[in-house]
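**Q** The structure follows.
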Amino acid sequence: MKKIMICAISVISVFCINIQSYAGQWKLNNANWQYTDEDGSITKNQWKQISGQWYCFDNNGNMYADTFTPDGYLVSASGEWCIPVSTYMNVDAINDVAKNTAIPFAENIKHGDIILADSSEDITGNAKSELIDRGQYYELSNMQILKPKEYYLTLSPQNIGSTVNLNGDEYLITDYFPEKTFYTLKCIKDNTGKGHRWYALVNQGNVYVLSGDADLINMETLFAGSVYLRKDCAINEITWNGDWSTENATVLQHFEASNACNNKYATEGQIFGTFKLDSNGLVTEINQIFCS
């Protein structure tokens, strides 16, 4: 009887050991994580869902980490597939950007606006932004998230004809428009290399912001890097059809028009406007601002 019981226990033990041996498990191999499947083989060249998370493995069975996979998806440092929004969503000023008011057409940047802008070579000297298809969303490289610099000035119509110094440049105050509460400025001493240009100095509750030119010297950079767009992101373009109006365009339509240089949009060739985010942090709408 004891022999029978010992044999039975031995069989059960061997059975349990076999189950444990062939259960899927992680192994560290020369600083690379690998996953052994239930049949004992190493997962290679595929995506695999493990404990509710998706992981991607190369031809040697090594897990991709903190990079884009060959098919264009971003994985975290621990290997899980993720939508990469934390890079800019952790900036306090951007957290409320989803509440931004849509601006179908605006000549002037407003105090408090958060602006999404591409990195145009003629403005920043950086590489131009590039649209990259990442599968379920687009990546826009070399982007900037900005807010207008604030200037605390004491001005009145009596200041017309006088000068003001902003960002090291000297401007002549040429006119005042009370209905829009802004002064027009002409740059007469330029230290930026952009040449003589015009601005609107807009009064918004004792705070002035410069508007009317996509000159980034007037903006404060909150974030620089890639920004991620939903595939159905709408871009509200500014058009001229005998009068200024807006036209809804897709992301691809915007970039196709830009590449064609057919002057379809006044905002052709650039992204510069307020924007909205979804709960995942992907851009769902861009409302272009007309800037010279």
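In the structure tokens, each chain is lettered A, B, ... as it comes, each chain's residues begin at 1, and ligands are numbered from 1 in order of appearance.
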Would you list the contacts of range 172-184 of chain A as a VMD selection string, taking every protein, DNA or RNA residue within 9 Å and counting only C-alpha atoms, but skipping same-chain residues closer than 2 positions in sequence?
**A** chain A and resid 156 to 157 159 to 164 170 186 to 188 198 to 204 208
**Q** Residues at most 8 Å from range 219-233 of chain A, counting only C-alpha atoms, excluding those fewer than 3 positions away in the same chain, as a VMD selection string?
**A** chain A and resid 84 to 85 88 91 93 136 to 149 215 to 216 250 to 251 281 to 286
**Q** Give me a file of those residues, with C-alpha atoms, as a PDB file, in the first residue's frame.
**A**
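The resulting file, out_13.pdb, is shown below:
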ATOM      1  CA  PRO A  84       3.302  57.833 -26.819  1.00  0.00           C
ATOM      2  CA  VAL A  85       1.561  60.908 -25.403  1.00  0.00           C
ATOM      3  CA  TYR A  88       4.020  66.252 -23.798  1.00  0.00           C
ATOM      4  CA  VAL A  91       3.592  69.591 -19.218  1.00  0.00           C
ATOM      5  CA  ALA A  93       0.206  74.099 -19.366  1.00  0.00           C
ATOM      6  CA  GLN A 136      -3.249  53.578 -35.895  1.00  0.00           C
ATOM      7  CA  TYR A 137      -2.049  57.202 -35.722  1.00  0.00           C
ATOM      8  CA  TYR A 138       0.323  59.685 -37.332  1.00  0.00           C
ATOM      9  CA  GLU A 139       3.556  60.976 -35.889  1.00  0.00           C
ATOM     10  CA  LEU A 140       4.521  64.574 -36.731  1.00  0.00           C
ATOM     11  CA  SER A 141       8.228  64.932 -36.052  1.00  0.00           C
ATOM     12  CA  ASN A 142      10.067  68.131 -35.085  1.00  0.00           C
ATOM     13  CA  MET A 143       6.980  69.894 -33.746  1.00  0.00           C
ATOM     14  CA  GLN A 144       6.678  72.555 -31.075  1.00  0.00           C
ATOM     15  CA  ILE A 145       3.963  73.340 -28.553  1.00  0.00           C
ATOM     16  CA  LEU A 146       4.045  77.041 -27.777  1.00  0.00           C
ATOM     17  CA  LYS A 147       2.311  79.812 -25.937  1.00  0.00           C
ATOM     18  CA  PRO A 148       2.596  83.529 -26.729  1.00  0.00           C
ATOM     19  CA  LYS A 149       4.969  85.572 -24.621  1.00  0.00           C
ATOM     20  CA  ASP A 215       8.029  84.500 -35.772  1.00  0.00           C
ATOM     21  CA  LEU A 216       8.776  82.115 -32.928  1.00  0.00           C
ATOM     22  CA  THR A 250      -7.781  65.858 -43.488  1.00  0.00           C
ATOM     23  CA  VAL A 251      -4.166  65.443 -42.457  1.00  0.00           C
ATOM     24  CA  GLY A 281      -3.503  62.681 -25.830  1.00  0.00           C
ATOM     25  CA  LEU A 282      -3.779  62.317 -29.607  1.00  0.00           C
ATOM     26  CA  VAL A 283      -4.490  65.512 -31.562  1.00  0.00           C
ATOM     27  CA  THR A 284      -8.044  65.437 -32.923  1.00  0.00           C
ATOM     28  CA  GLU A 285      -8.342  68.939 -34.409  1.00  0.00           C
ATOM     29  CA  ILE A 286      -6.056  71.766 -35.489  1.00  0.00           C
TER      30      ILE A 286
END
**Q** Name the residues in contact with Asp169 in chain A at a cut-off of 9 Å, using only C-alpha atoms, excluding same-chain residues fewer than 2 positions from it; report them as a list of chain:residue names.
**A** A:Val164, A:Asn165, A:Leu166, A:Asn167, A:Tyr171, A:Cys187, A:Ile188, A:Lys189, A:Asp190, A:Asn191, A:Thr192
**Q** Any idea what the distance is between CA of Asp133 in chain A and CA of Thr69 in chain A?
**A** 12.8 Å
**Q** May I ask for the distance between CA of Ile114 in chain A and CA of Phe275 in chain A, given in Å to one decimal place?
**A** 7.6 Å
**Q** Let me make sure I understand: among A:Tyr151, A:Trp33, A:Phe255, A:Trp81, which one has the smallest atom-to-atom distance to Gly61 in chain A if we use only C-alpha atoms?
**A**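 Using only C-alpha atoms, Gly61 in chain A sits closest to A:Trp33.
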**Q** Determine, counting only C-alpha atoms, which protein, DNA and RNA residues have an atom within 10 Å of an atom of Ser76 in chain A; residues of the same chain fewer than 5 positions away are not included. Present the result as a PyMOL selection string.
**A** chain A and resi 55+64-68+81-84
**Q** Could those residues be written to a file, using N, CA, C and O atoms, as a tab-separated table (two decimals), in the first residue's frame?
**A**
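See result00.tsv below for the written result:
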chain	number	residue	atom	x	y	z
A	55	TYR	N	3.33	42.59	-26.59
A	55	TYR	CA	4.78	42.71	-26.69
A	55	TYR	C	5.21	42.25	-28.09
A	55	TYR	O	4.57	41.41	-28.70
A	64	TYR	N	11.40	43.90	-28.07
A	64	TYR	CA	11.65	45.31	-28.34
A	64	TYR	C	11.28	46.13	-27.11
A	64	TYR	O	10.27	45.86	-26.47
A	65	ALA	N	12.09	47.12	-26.79
A	65	ALA	CA	11.82	47.97	-25.63
A	65	ALA	C	12.26	49.39	-25.91
A	65	ALA	O	13.32	49.62	-26.50
A	66	ASP	N	11.41	50.34	-25.50
A	66	ASP	CA	11.74	51.77	-25.59
A	66	ASP	C	12.13	52.16	-27.01
A	66	ASP	O	13.10	52.88	-27.24
A	67	THR	N	11.35	51.71	-28.00
A	67	THR	CA	11.65	52.00	-29.39
A	67	THR	C	10.40	51.81	-30.22
A	67	THR	O	9.35	51.37	-29.72
A	68	PHE	N	10.48	52.13	-31.50
A	68	PHE	CA	9.41	51.78	-32.43
A	68	PHE	C	9.70	50.41	-33.01
A	68	PHE	O	10.83	50.10	-33.39
A	81	TRP	N	3.22	47.71	-25.62
A	81	TRP	CA	2.78	48.64	-26.65
A	81	TRP	C	2.04	49.78	-26.00
A	81	TRP	O	1.22	49.57	-25.09
A	82	CYS	N	2.32	51.01	-26.45
A	82	CYS	CA	1.65	52.16	-25.85
A	82	CYS	C	1.51	53.26	-26.88
A	82	CYS	O	2.21	53.28	-27.89
A	83	ILE	N	0.57	54.18	-26.63
A	83	ILE	CA	0.44	55.39	-27.44
A	83	ILE	C	1.29	56.44	-26.76
A	83	ILE	O	1.09	56.75	-25.59
A	84	PRO	N	2.24	57.04	-27.46
A	84	PRO	CA	3.30	57.83	-26.82
A	84	PRO	C	2.93	59.29	-26.55
A	84	PRO	O	3.48	60.20	-27.14
**Q** Quick one: of A:Thr239, A:Asn62, A:Gln270, A:Asn287, who's nearest to Thr36 in chain A, counting only C-alpha atoms?
**A**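 Of all the options, A:Asn62 lies closest to Thr36 in chain A.
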